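S.K.: Structure file target-v3.pdb, PDB, C-alpha atoms and all ligand atoms, is pasted below:
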ATOM      1  CA  MET A   1       7.140 -34.294 -81.736
ATOM      2  CA  PRO A   2      10.302 -36.296 -82.556
ATOM      3  CA  ASP A   3      12.842 -36.208 -79.732
ATOM      4  CA  ASN A   4      15.546 -34.413 -81.760
ATOM      5  CA  ILE A   5      13.149 -31.567 -82.651
ATOM      6  CA  HIS A   6      11.957 -31.358 -79.071
ATOM      7  CA  LYS A   7      15.585 -31.089 -77.906
ATOM      8  CA  GLU A   8      16.366 -28.403 -80.492
ATOM      9  CA  LYS A   9      13.389 -26.316 -79.381
ATOM     10  CA  ARG A  10      14.451 -26.718 -75.772
ATOM     11  CA  LEU A  11      17.995 -25.621 -76.648
ATOM     12  CA  ALA A  12      16.649 -22.597 -78.572
ATOM     13  CA  TYR A  13      14.697 -21.583 -75.493
ATOM     14  CA  LEU A  14      17.705 -22.051 -73.179
ATOM     15  CA  LEU A  15      19.972 -19.987 -75.452
ATOM     16  CA  ARG A  16      17.571 -17.198 -76.436
ATOM     17  CA  HIS A  17      15.092 -16.643 -73.650
ATOM     18  CA  ASP A  18      16.314 -18.128 -70.342
ATOM     19  CA  ILE A  19      16.301 -15.232 -67.895
ATOM     20  CA  HIS A  20      17.628 -17.440 -65.080
ATOM     21  CA  TYR A  21      21.084 -17.966 -66.558
ATOM     22  CA  ALA A  22      23.865 -15.352 -66.381
ATOM     23  CA  PHE A  23      24.917 -15.236 -70.033
ATOM     24  CA  ASP A  24      28.253 -13.960 -71.229
ATOM     25  CA  ILE A  25      27.741 -10.511 -72.847
ATOM     26  CA  HIS A  26      28.100 -12.142 -76.267
ATOM     27  CA  GLY A  27      25.369 -14.677 -75.580
ATOM     28  CA  TRP A  28      27.566 -17.697 -74.784
ATOM     29  CA  ARG A  29      26.354 -20.416 -72.404
ATOM     30  CA  GLU A  30      28.592 -23.092 -70.926
ATOM     31  CA  VAL A  31      28.279 -26.479 -72.590
ATOM     32  CA  SER A  32      28.930 -28.038 -69.168
ATOM     33  CA  ASP A  33      25.865 -26.252 -67.736
ATOM     34  CA  LEU A  34      23.631 -27.719 -70.462
ATOM     35  CA  ILE A  35      25.028 -31.163 -69.731
ATOM     36  CA  THR A  36      24.898 -31.064 -65.946
ATOM     37  CA  SER A  37      21.728 -28.997 -65.403
ATOM     38  CA  HIS A  38      19.626 -29.545 -68.543
ATOM     39  CA  ALA A  39      20.082 -33.195 -69.450
ATOM     40  CA  PHE A  40      21.839 -32.731 -72.796
ATOM     41  CA  THR A  41      24.688 -34.995 -73.789
ATOM     42  CA  LEU A  42      27.703 -33.595 -75.635
ATOM     43  CA  GLU A  43      26.825 -35.793 -78.595
ATOM     44  CA  GLU A  44      23.292 -34.363 -78.747
ATOM     45  CA  LEU A  45      24.614 -30.810 -78.691
ATOM     46  CA  ILE A  46      27.120 -31.552 -81.467
ATOM     47  CA  ASN A  47      24.336 -33.119 -83.553
ATOM     48  CA  ILE A  48      21.930 -30.237 -83.037
ATOM     49  CA  VAL A  49      24.549 -27.622 -83.952
ATOM     50  CA  ALA A  50      25.525 -29.549 -87.087
ATOM     51  CA  ASN A  51      22.035 -30.510 -88.229
ATOM     52  CA  SER A  52      19.781 -27.634 -87.166
ATOM     53  CA  ASN A  53      17.733 -26.951 -90.307
ATOM     54  CA  LYS A  54      18.187 -23.225 -89.843
ATOM     55  CA  GLN A  55      21.771 -23.438 -88.521
ATOM     56  CA  ARG A  56      20.554 -21.647 -85.414
ATOM     57  CA  PHE A  57      23.514 -22.346 -83.091
ATOM     58  CA  GLU A  58      27.301 -22.249 -82.907
ATOM     59  CA  PHE A  59      30.076 -23.440 -80.601
ATOM     60  CA  SER A  60      32.881 -21.182 -79.424
ATOM     61  CA  GLU A  61      36.280 -21.937 -80.966
ATOM     62  CA  ASP A  62      37.399 -23.826 -77.858
ATOM     63  CA  GLY A  63      34.164 -25.844 -77.791
ATOM     64  CA  GLN A  64      33.406 -24.860 -74.190
ATOM     65  CA  TYR A  65      30.465 -22.572 -75.011
ATOM     66  CA  ILE A  66      27.443 -22.520 -77.290
ATOM     67  CA  ARG A  67      25.121 -19.704 -78.421
ATOM     68  CA  ALA A  68      22.144 -18.980 -80.671
ATOM     69  CA  ARG A  69      22.985 -16.900 -83.729
ATOM     70  CA  GLN A  70      19.844 -14.745 -83.520
ATOM     71  CA  GLY A  71      16.325 -14.622 -82.100
ATOM     72  CA  HIS A  72      17.058 -13.582 -78.499
ATOM     73  CA  SER A  73      14.723 -11.881 -76.096
ATOM     74  CA  ILE A  74      17.483 -11.632 -73.459
ATOM     75  CA  ALA A  75      19.827  -8.638 -73.802
ATOM     76  CA  VAL A  76      23.029 -10.039 -75.296
ATOM     77  CA  ASP A  77      25.248  -8.827 -78.136
ATOM     78  CA  VAL A  78      25.888 -11.754 -80.468
ATOM     79  CA  GLU A  79      28.263  -9.647 -82.588
ATOM     80  CA  LEU A  80      25.961  -9.383 -85.595
ATOM     81  CA  ALA A  81      27.461  -8.195 -88.865
ATOM     82  CA  GLU A  82      26.026  -4.948 -90.128
ATOM     83  CA  ALA A  83      25.113  -5.312 -93.796
ATOM     84  CA  THR A  84      23.525  -3.485 -96.721
ATOM     85  CA  PRO A  85      20.149  -5.057 -97.514
ATOM     86  CA  PRO A  86      18.829  -5.887-100.991
ATOM     87  CA  GLU A  87      16.070  -3.777-102.497
ATOM     88  CA  TYR A  88      13.345  -5.826-100.818
ATOM     89  CA  LEU A  89      13.076  -8.149 -97.831
ATOM     90  CA  TYR A  90       9.956 -10.013 -96.694
ATOM     91  CA  HIS A  91       8.074 -10.648 -93.456
ATOM     92  CA  GLY A  92       5.545 -13.427 -92.937
ATOM     93  CA  THR A  93       2.789 -12.807 -90.431
ATOM     94  CA  VAL A  94      -0.921 -13.523 -89.987
ATOM     95  CA  ALA A  95      -3.950 -11.442 -90.993
ATOM     96  CA  ALA A  96      -4.895 -10.637 -87.399
ATOM     97  CA  ASN A  97      -1.636  -8.695 -86.946
ATOM     98  CA  VAL A  98      -1.913  -6.660 -90.145
ATOM     99  CA  PRO A  99      -4.079  -3.702 -89.005
ATOM    100  CA  SER A 100      -1.720  -3.033 -86.097
ATOM    101  CA  ILE A 101       1.383  -3.527 -88.273
ATOM    102  CA  MET A 102       0.108  -1.122 -90.941
ATOM    103  CA  GLU A 103      -0.597   1.427 -88.211
ATOM    104  CA  LYS A 104       2.518   1.072 -86.029
ATOM    105  CA  GLY A 105       4.956  -0.692 -88.340
ATOM    106  CA  LEU A 106       6.832  -3.905 -87.586
ATOM    107  CA  VAL A 107       8.158  -3.936 -84.033
ATOM    108  CA  PRO A 108      10.348  -6.582 -82.344
ATOM    109  CA  MET A 109       7.651  -7.630 -79.827
ATOM    110  CA  SER A 110       9.506  -9.787 -77.270
ATOM    111  CA  ARG A 111      12.709 -10.191 -79.333
ATOM    112  CA  GLN A 112      15.645  -7.841 -79.841
ATOM    113  CA  HIS A 113      14.986  -7.313 -83.549
ATOM    114  CA  VAL A 114      12.386  -7.559 -86.287
ATOM    115  CA  HIS A 115      13.193 -10.647 -88.380
ATOM    116  CA  LEU A 116      13.075 -10.355 -92.162
ATOM    117  CA  SER A 117      13.448 -13.029 -94.842
ATOM    118  CA  ILE A 118      15.392 -12.933 -98.076
ATOM    119  CA  ASP A 119      12.488 -14.255-100.158
ATOM    120  CA  GLU A 120       8.745 -14.831-100.096
ATOM    121  CA  SER A 121       8.962 -18.593 -99.664
ATOM    122  CA  ILE A 122      10.900 -18.270 -96.400
ATOM    123  CA  ALA A 123       8.505 -15.546 -95.191
ATOM    124  CA  LEU A 124       5.629 -17.915 -95.965
ATOM    125  CA  LYS A 125       7.192 -20.575 -93.719
ATOM    126  CA  VAL A 126       7.731 -18.054 -90.914
ATOM    127  CA  GLY A 127       4.105 -16.876 -91.118
ATOM    128  CA  SER A 128       2.792 -20.444 -91.293
ATOM    129  CA  ARG A 129       4.092 -21.149 -87.759
ATOM    130  CA  ARG A 130       1.047 -19.238 -86.539
ATOM    131  CA  LYS A 131      -2.666 -19.951 -86.620
ATOM    132  CA  GLY A 132      -4.571 -17.924 -89.193
ATOM    133  CA  ASN A 133      -4.228 -16.723 -92.761
ATOM    134  CA  VAL A 134      -0.650 -15.965 -93.690
ATOM    135  CA  VAL A 135       0.090 -12.493 -95.001
ATOM    136  CA  ILE A 136       3.418 -11.574 -96.571
ATOM    137  CA  LEU A 137       4.713  -8.047 -96.320
ATOM    138  CA  LYS A 138       7.297  -6.635 -98.685
ATOM    139  CA  VAL A 139       9.772  -4.323 -96.972
ATOM    140  CA  ALA A 140      11.540  -1.586 -98.942
ATOM    141  CA  ALA A 141      14.742  -2.508 -97.121
ATOM    142  CA  HIS A 142      17.279  -0.754 -99.312
ATOM    143  CA  LYS A 143      15.250   2.464 -99.176
ATOM    144  CA  MET A 144      15.199   2.167 -95.363
ATOM    145  CA  TRP A 145      18.967   1.695 -95.365
ATOM    146  CA  GLU A 146      19.389   4.785 -97.582
ATOM    147  CA  ASP A 147      17.266   6.651 -95.064
ATOM    148  CA  GLY A 148      19.667   5.700 -92.251
ATOM    149  CA  TYR A 149      18.170   2.535 -90.720
ATOM    150  CA  GLN A 150      20.652  -0.164 -89.721
ATOM    151  CA  PHE A 151      20.435  -3.780 -90.881
ATOM    152  CA  TRP A 152      22.304  -6.857 -89.726
ATOM    153  CA  LEU A 153      22.683 -10.274 -91.325
ATOM    154  CA  SER A 154      23.058 -13.145 -88.858
ATOM    155  CA  ARG A 155      25.437 -15.994 -89.662
ATOM    156  CA  ASN A 156      22.419 -18.154 -90.474
ATOM    157  CA  ASN A 157      21.134 -15.604 -93.008
ATOM    158  CA  VAL A 158      18.320 -13.928 -91.132
ATOM    159  CA  TRP A 159      18.040 -10.192 -91.814
ATOM    160  CA  LEU A 160      17.441  -8.099 -88.720
ATOM    161  CA  THR A 161      16.510  -4.491 -88.076
ATOM    162  CA  GLU A 162      15.184  -2.579 -85.088
ATOM    163  CA  ALA A 163      11.755  -1.682 -86.507
ATOM    164  CA  VAL A 164      10.056  -1.062 -89.859
ATOM    165  CA  PRO A 165       7.838   2.040 -90.116
ATOM    166  CA  PRO A 166       4.572   1.514 -92.074
ATOM    167  CA  LYS A 167       5.644   3.645 -95.035
ATOM    168  CA  TYR A 168       8.193   0.970 -96.044
ATOM    169  CA  LEU A 169       5.622  -1.866 -96.014
ATOM    170  CA  VAL A 170       3.414  -3.248 -98.781
ATOM    171  CA  ILE A 171       1.048  -6.221 -98.396
ATOM    172  CA  ILE A 172       1.760  -8.659-101.205
ATOM    173  CA  LYS A 173      -0.332 -11.680-100.336
ATOM    174  CA  GLN A 174      -3.543 -12.044 -98.449
TER     175      GLN A 174
HETATM  176  C1  LIG B   1       4.146  -9.608 -85.233
HETATM  177  C2  LIG B   1      11.556 -18.171 -86.102
HETATM  178  C3  LIG B   1       1.079  -6.639 -84.302
HETATM  179  C4  LIG B   1       5.034 -10.264 -86.254
HETATM  180  C5  LIG B   1      11.084 -17.704 -87.458
HETATM  181  C6  LIG B   1       5.102 -11.684 -85.696
HETATM  182  C7  LIG B   1      11.742 -16.350 -87.603
HETATM  183  C8  LIG B   1       3.170  -7.356 -84.885
HETATM  184  C9  LIG B   1       5.037 -11.475 -84.193
HETATM  185  C10 LIG B   1      11.928 -15.884 -86.182
HETATM  186  C11 LIG B   1       3.642  -6.033 -84.956
HETATM  187  C12 LIG B   1       6.392 -11.601 -83.512
HETATM  188  C13 LIG B   1      11.092 -14.689 -85.856
HETATM  189  C14 LIG B   1       2.718  -4.994 -84.687
HETATM  190  C15 LIG B   1       5.292  -7.338 -85.446
HETATM  191  N1  LIG B   1       1.451  -5.345 -84.361
HETATM  192  N2  LIG B   1       1.897  -7.667 -84.551
HETATM  193  N3  LIG B   1       3.042  -3.680 -84.738
HETATM  194  N4  LIG B   1       4.941  -6.042 -85.314
HETATM  195  N5  LIG B   1       4.219  -8.137 -85.197
HETATM  196  O1  LIG B   1       8.207 -14.930 -83.299
HETATM  197  O2  LIG B   1       9.157 -12.811 -87.292
HETATM  198  O3  LIG B   1      12.532 -21.088 -85.729
HETATM  199  O4  LIG B   1       8.983 -12.655 -82.450
HETATM  200  O5  LIG B   1       4.483 -10.199 -87.554
HETATM  201  O6  LIG B   1      11.393 -18.585 -88.476
HETATM  202  O7  LIG B   1       7.352 -14.435 -86.451
HETATM  203  O8  LIG B   1      12.783 -19.548 -83.800
HETATM  204  O9  LIG B   1       8.802 -13.034 -84.882
HETATM  205  O10 LIG B   1       3.995 -12.435 -86.128
HETATM  206  O11 LIG B   1      12.964 -16.371 -88.273
HETATM  207  O12 LIG B   1      14.730 -19.962 -85.337
HETATM  208  O13 LIG B   1       4.560 -10.140 -84.002
HETATM  209  O14 LIG B   1      11.542 -16.996 -85.349
HETATM  210  O15 LIG B   1      12.834 -18.683 -86.131
HETATM  211  O16 LIG B   1       6.731 -12.974 -83.492
HETATM  212  O17 LIG B   1       9.732 -14.962 -86.143
HETATM  213  P1  LIG B   1       8.232 -13.454 -83.445
HETATM  214  P2  LIG B   1       8.689 -13.795 -86.285
HETATM  215  P3  LIG B   1      13.238 -19.879 -85.193
END
Could you write out this structure as structure tokens?
M.R.:
Amino acid sequence: MPDNIHKEKRLAYLLRHDIHYAFDIHGWREVSDLITSHAFTLEELINIVANSNKQRFEFSEDGQYIRARQGHSIAVDVELAEATPPEYLYHGTVAANVPSIMEKGLVPMSRQHVHLSIDESIALKVGSRRKGNVVILKVAAHKMWEDGYQFWLSRNNVWLTEAVPPKYLVIIKQ
């Protein structure tokens, strides 16, 4: 794995899942901590924030802190913007998960939210991270919203919701 990708993955872990760090309630971590305790340089952090292909991270206005924009398993409130979803959103997964998903719905597993994609091609990429045949699910997101479910749109354009009951799901590719 190229070093810059390795570093980005490491940073994602440190900002989303590190249970040993006392995060600010809004998910901020001190830049100085990453430099002194986790072997990042300031230049590396600036590069990762600017060039992350999914724009996963952001600095605080004063530049002293950094956080992930979504994807956490730790309990922080990253001040997500509530939003009205389009008619459909998409979720990429693998065939082995489908029987359970169609029975129980989409659940956040270890994360805070279920992650949904704006189109099928992004869902395909998300599903392809896993071993096995990719399956894309179409989520009747606007109908869910009309029925009272909340949705949030992260600043890097990932749609989030707490769970998706099976009745809003259709398998569109297998
Ligand atoms: C599955 C990456 C069985 C779900 C990506 C998924 C995304 C169920 C897995 C972001 C289930 C959770 C999130 C149920 C859900 N039964 N399996 N009832 N409900 N699942 O990684 O959506 O690169 O937490 O289908 O690009 O795969 O990290 O979620 O396969 O945006 O920035 O349980 O992570 O972004 O896996 O990926 P994850 P995800 P980053």
S.K.: Please enclose the listed atoms of ligand LIG 1 (chain B) in an axis-aligned box, pad each side by 6 Å, and write out the centre and the three edge lengths in Å, rounded to one decimal, as lines of an AutoDock Vina configuration file.
M.R.:
center_x = 7.9
center_y = -12.4
center_z = -85.5
size_x = 25.7
size_y = 29.4
size_z = 18.0
S.K.: Show me which residues sit within 9 Å of ligand LIG 1 (chain B) when counting only C-alpha atoms and all ligand atoms, and put them as a VMD selection string.
M.R.: chain A and resid 9 12 to 13 54 to 56 68 to 71 73 91 to 94 96 to 117 122 to 123 125 to 130 135 158 to 159 163 to 164
S.K.: What does the file look like for those residues with C-alpha atoms, as a PDB file, in the coordinates of the input?
M.R.:
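Saved file part-v5.pdb follows:
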ATOM      1  CA  LYS A   9      13.389 -26.316 -79.381  1.00  0.00           C
ATOM      2  CA  ALA A  12      16.649 -22.597 -78.572  1.00  0.00           C
ATOM      3  CA  TYR A  13      14.697 -21.583 -75.493  1.00  0.00           C
ATOM      4  CA  LYS A  54      18.187 -23.225 -89.843  1.00  0.00           C
ATOM      5  CA  GLN A  55      21.771 -23.438 -88.521  1.00  0.00           C
ATOM      6  CA  ARG A  56      20.554 -21.647 -85.414  1.00  0.00           C
ATOM      7  CA  ALA A  68      22.144 -18.980 -80.671  1.00  0.00           C
ATOM      8  CA  ARG A  69      22.985 -16.900 -83.729  1.00  0.00           C
ATOM      9  CA  GLN A  70      19.844 -14.745 -83.520  1.00  0.00           C
ATOM     10  CA  GLY A  71      16.325 -14.622 -82.100  1.00  0.00           C
ATOM     11  CA  SER A  73      14.723 -11.881 -76.096  1.00  0.00           C
ATOM     12  CA  HIS A  91       8.074 -10.648 -93.456  1.00  0.00           C
ATOM     13  CA  GLY A  92       5.545 -13.427 -92.937  1.00  0.00           C
ATOM     14  CA  THR A  93       2.789 -12.807 -90.431  1.00  0.00           C
ATOM     15  CA  VAL A  94      -0.921 -13.523 -89.987  1.00  0.00           C
ATOM     16  CA  ALA A  96      -4.895 -10.637 -87.399  1.00  0.00           C
ATOM     17  CA  ASN A  97      -1.636  -8.695 -86.946  1.00  0.00           C
ATOM     18  CA  VAL A  98      -1.913  -6.660 -90.145  1.00  0.00           C
ATOM     19  CA  PRO A  99      -4.079  -3.702 -89.005  1.00  0.00           C
ATOM     20  CA  SER A 100      -1.720  -3.033 -86.097  1.00  0.00           C
ATOM     21  CA  ILE A 101       1.383  -3.527 -88.273  1.00  0.00           C
ATOM     22  CA  MET A 102       0.108  -1.122 -90.941  1.00  0.00           C
ATOM     23  CA  GLU A 103      -0.597   1.427 -88.211  1.00  0.00           C
ATOM     24  CA  LYS A 104       2.518   1.072 -86.029  1.00  0.00           C
ATOM     25  CA  GLY A 105       4.956  -0.692 -88.340  1.00  0.00           C
ATOM     26  CA  LEU A 106       6.832  -3.905 -87.586  1.00  0.00           C
ATOM     27  CA  VAL A 107       8.158  -3.936 -84.033  1.00  0.00           C
ATOM     28  CA  PRO A 108      10.348  -6.582 -82.344  1.00  0.00           C
ATOM     29  CA  MET A 109       7.651  -7.630 -79.827  1.00  0.00           C
ATOM     30  CA  SER A 110       9.506  -9.787 -77.270  1.00  0.00           C
ATOM     31  CA  ARG A 111      12.709 -10.191 -79.333  1.00  0.00           C
ATOM     32  CA  GLN A 112      15.645  -7.841 -79.841  1.00  0.00           C
ATOM     33  CA  HIS A 113      14.986  -7.313 -83.549  1.00  0.00           C
ATOM     34  CA  VAL A 114      12.386  -7.559 -86.287  1.00  0.00           C
ATOM     35  CA  HIS A 115      13.193 -10.647 -88.380  1.00  0.00           C
ATOM     36  CA  LEU A 116      13.075 -10.355 -92.162  1.00  0.00           C
ATOM     37  CA  SER A 117      13.448 -13.029 -94.842  1.00  0.00           C
ATOM     38  CA  ILE A 122      10.900 -18.270 -96.400  1.00  0.00           C
ATOM     39  CA  ALA A 123       8.505 -15.546 -95.191  1.00  0.00           C
ATOM     40  CA  LYS A 125       7.192 -20.575 -93.719  1.00  0.00           C
ATOM     41  CA  VAL A 126       7.731 -18.054 -90.914  1.00  0.00           C
ATOM     42  CA  GLY A 127       4.105 -16.876 -91.118  1.00  0.00           C
ATOM     43  CA  SER A 128       2.792 -20.444 -91.293  1.00  0.00           C
ATOM     44  CA  ARG A 129       4.092 -21.149 -87.759  1.00  0.00           C
ATOM     45  CA  ARG A 130       1.047 -19.238 -86.539  1.00  0.00           C
ATOM     46  CA  VAL A 135       0.090 -12.493 -95.001  1.00  0.00           C
ATOM     47  CA  VAL A 158      18.320 -13.928 -91.132  1.00  0.00           C
ATOM     48  CA  TRP A 159      18.040 -10.192 -91.814  1.00  0.00           C
ATOM     49  CA  ALA A 163      11.755  -1.682 -86.507  1.00  0.00           C
ATOM     50  CA  VAL A 164      10.056  -1.062 -89.859  1.00  0.00           C
TER      51      VAL A 164
END
S.K.: Please write as a VMD selection string the full residue list that the PyMOL selection byres (((chain A and resi 75) around 9) and not hetatm) yields on this file.
M.R.: chain A and resid 25 27 72 to 74 76 to 77 112
S.K.: Using all atoms listed in the file, which protein or nucleic acid residues come within 7 Å of Val170 in chain A? Drop anything in the same chain fewer than 6 positions from it, and give the result as a list in words.
M.R.: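 Near neighbours after the sequence-gap exclusion: Leu137, Lys138 and Val139 of chain A.
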S.K.: How many Å separate CA of Ala50 in chain A from CA of Glu120 in chain A?
M.R.: 25.8 Å
S.K.: Considering only C-alpha atoms, can you say which of A:Trp28, A:His142, A:Ile171, A:Tyr90 comes closest to Leu124 in chain A?
M.R.: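 Distance minimum relative to Leu124 in chain A lands on A:Tyr90.
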S.K.: Of the candidates A:Pro85, A:Gly132, A:Pro165, A:Gly63, which shows the shortest atom-to-atom distance to Arg29 in chain A, using all atoms listed in the file?
M.R.: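 Closest to Arg29 in chain A, using all atoms listed in the file: A:Gly63.
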S.K.: When you count all atoms listed in the file, which of these residues is closest to Asp24 in chain A: A:Ser60, A:Thr84, A:Ser121, A:Asn157?
M.R.: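 Of A:Ser60, A:Thr84, A:Ser121, A:Asn157, the one nearest Asp24 in chain A is A:Ser60, counting all atoms listed in the file.
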S.K.: Quick one: residues within 9 Å of Glu8 in chain A, all atoms listed in the file counted, chain neighbours fewer than 5 positions away excluded, as a PyMOL selection string?
M.R.: chain A and resi 3+13+45+48-49+52
S.K.: Keeping only C-alpha atoms, write those residues as a PDB file, in the frame of the given file.
M.R.:
ATOM      1  CA  ASP A   3      12.842 -36.208 -79.732  1.00  0.00           C
ATOM      2  CA  TYR A  13      14.697 -21.583 -75.493  1.00  0.00           C
ATOM      3  CA  LEU A  45      24.614 -30.810 -78.691  1.00  0.00           C
ATOM      4  CA  ILE A  48      21.930 -30.237 -83.037  1.00  0.00           C
ATOM      5  CA  VAL A  49      24.549 -27.622 -83.952  1.00  0.00           C
ATOM      6  CA  SER A  52      19.781 -27.634 -87.166  1.00  0.00           C
TER       7      SER A  52
END
S.K.: Between CA of Ile118 in chain A and CA of Glu146 in chain A, what is the distance in Å, rounded to a tenth?
M.R.: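 Going from CA of Ile118 in chain A over to CA of Glu146 in chain A, I get 18.2 Å.
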S.K.: What does the distance between CA of Phe151 in chain A and CA of Leu80 in chain A come to in Å, to one decimal place?
M.R.: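 According to the coordinates, CA of Phe151 in chain A and CA of Leu80 in chain A are separated by 9.5 Å.
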S.K.: Identify which of the residues A:Arg155, A:Trp145, A:Ala39, A:Arg10 lies closest to Glu58 in chain A, counting all atoms listed in the file when measuring atom-to-atom distances.
M.R.: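 Checking each of A:Arg155, A:Trp145, A:Ala39, A:Arg10 against Glu58 in chain A, counting all atoms listed in the file, the winner is A:Arg155.
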